[in-house]
Amino acid sequence: QVHLVESGGGLVQAGGSLRLSCAASGTIFSINVMGWYRQAPGKQRELVATITSGGYTNYTDSVKGRFTISRDNAKNTLYLQMNSLKPEDTAAYYCNADRILYRQSSFAPRWGYDYWGQGTQVTVSS
């Protein structure tokens, strides 16, 4: 099976920085799109940024110029460098991976879709 595990969240003052990581485990051959989403209390989960296997990135307007998404395809790991953090960035951040080619046990490789991590909390104090 495939599992995503996030790390790197925490408490930081406004203007500070954090780096989130998301490691995908399993016998993985490729991951098409990976992304970060966030959910603040009382709000819907929203897209933060996505990146394709070829490195094409997409950001929500509110984080452009402050956040940088990247990935290490050899390690199946996703990153989010967050700079100039604001109190409104406070949320639980979730890693997502879509269209994964993987193998489970001795079975033939198969495609899996829409995997989520458990989330990591980011709190920005004013």
# chains A, B, ... in the order shown; residues from 1 in each chain; ligands from 1
call {"tool": "residues_around", "arguments": {"residues": "Ile31 (chain A)", "least_positions_apart": "3", "cutoff": "9 Å", "atoms": "only C-alpha atoms", "output": "list in words"}}
result
Ile28, Met34, Thr52, Ser53, Asn73, Asn76, Ala97, Asp98, Arg99, Ile100, Leu101 and Tyr102 of chain A
call {"tool": "select_by_dssp", "arguments": {"residues": "chain A", "states": "strand (DSSP E or B)", "output": "JSON, numbers by chain"}}
result
{"A": [3, 4, 5, 6, 7, 10, 11, 12, 13, 18, 19, 20, 21, 22, 23, 24, 25, 27, 28, 29, 30, 31, 32, 33, 34, 35, 36, 37, 38, 39, 46, 47, 48, 49, 50, 51, 52, 57, 58, 59, 67, 68, 69, 70, 71, 72, 77, 78, 79, 80, 81, 82, 91, 92, 93, 94, 95, 96, 97, 98, 99, 100, 101, 102, 103, 110, 111, 112, 115, 116, 120, 121, 122, 123, 124, 125]}
call {"tool": "closest_residue", "arguments": {"among": "A:Arg19, A:Thr27, A:Ala14, A:Val5", "to": "Ser105 (chain A)", "atoms": "only C-alpha atoms"}}
result
A:Thr27
call {"tool": "residues_around", "arguments": {"residues": "region 54-66 of chain A", "least_positions_apart": "5", "cutoff": "8 Å", "atoms": "only C-alpha atoms", "output": "ChimeraX atom specification"}}
result
/A:47-49,71,82-85
call {"tool": "select_by_dssp", "arguments": {"residues": "region 4-120 of chain A", "states": "helix (DSSP H, G or I)", "output": "ChimeraX atom specification"}}
result
/A:61-63,87-89
call {"tool": "closest_residue", "arguments": {"among": "A:Gly35, A:Pro87, A:Gly42, A:Gly9", "to": "Gln121 (chain A)", "atoms": "only C-alpha atoms"}}
result
A:Gly9
call {"tool": "residues_around", "arguments": {"residues": "Ala92 (chain A)", "least_positions_apart": "4", "cutoff": "10 Å", "atoms": "only C-alpha atoms", "output": "ChimeraX atom specification"}}
result
/A:9,37-41,45,118-123
call {"tool": "residues_around", "arguments": {"residues": "Gln81 (chain A)", "least_positions_apart": "6", "cutoff": "9 Å", "atoms": "only C-alpha atoms", "output": "PyMOL selection string"}}
result
chain A and resi 17-21+66-70
call {"tool": "closest_residue", "arguments": {"among": "A:Ala23, A:Val33, A:Cys95, A:Leu11", "to": "Lys75 (chain A)", "atoms": "only C-alpha atoms"}}
result
A:Ala23
call {"tool": "closest_residue", "arguments": {"among": "A:Ser30, A:Thr90, A:Asn96, A:Thr50", "to": "Glu6 (chain A)", "atoms": "only C-alpha atoms"}}
result
A:Asn96
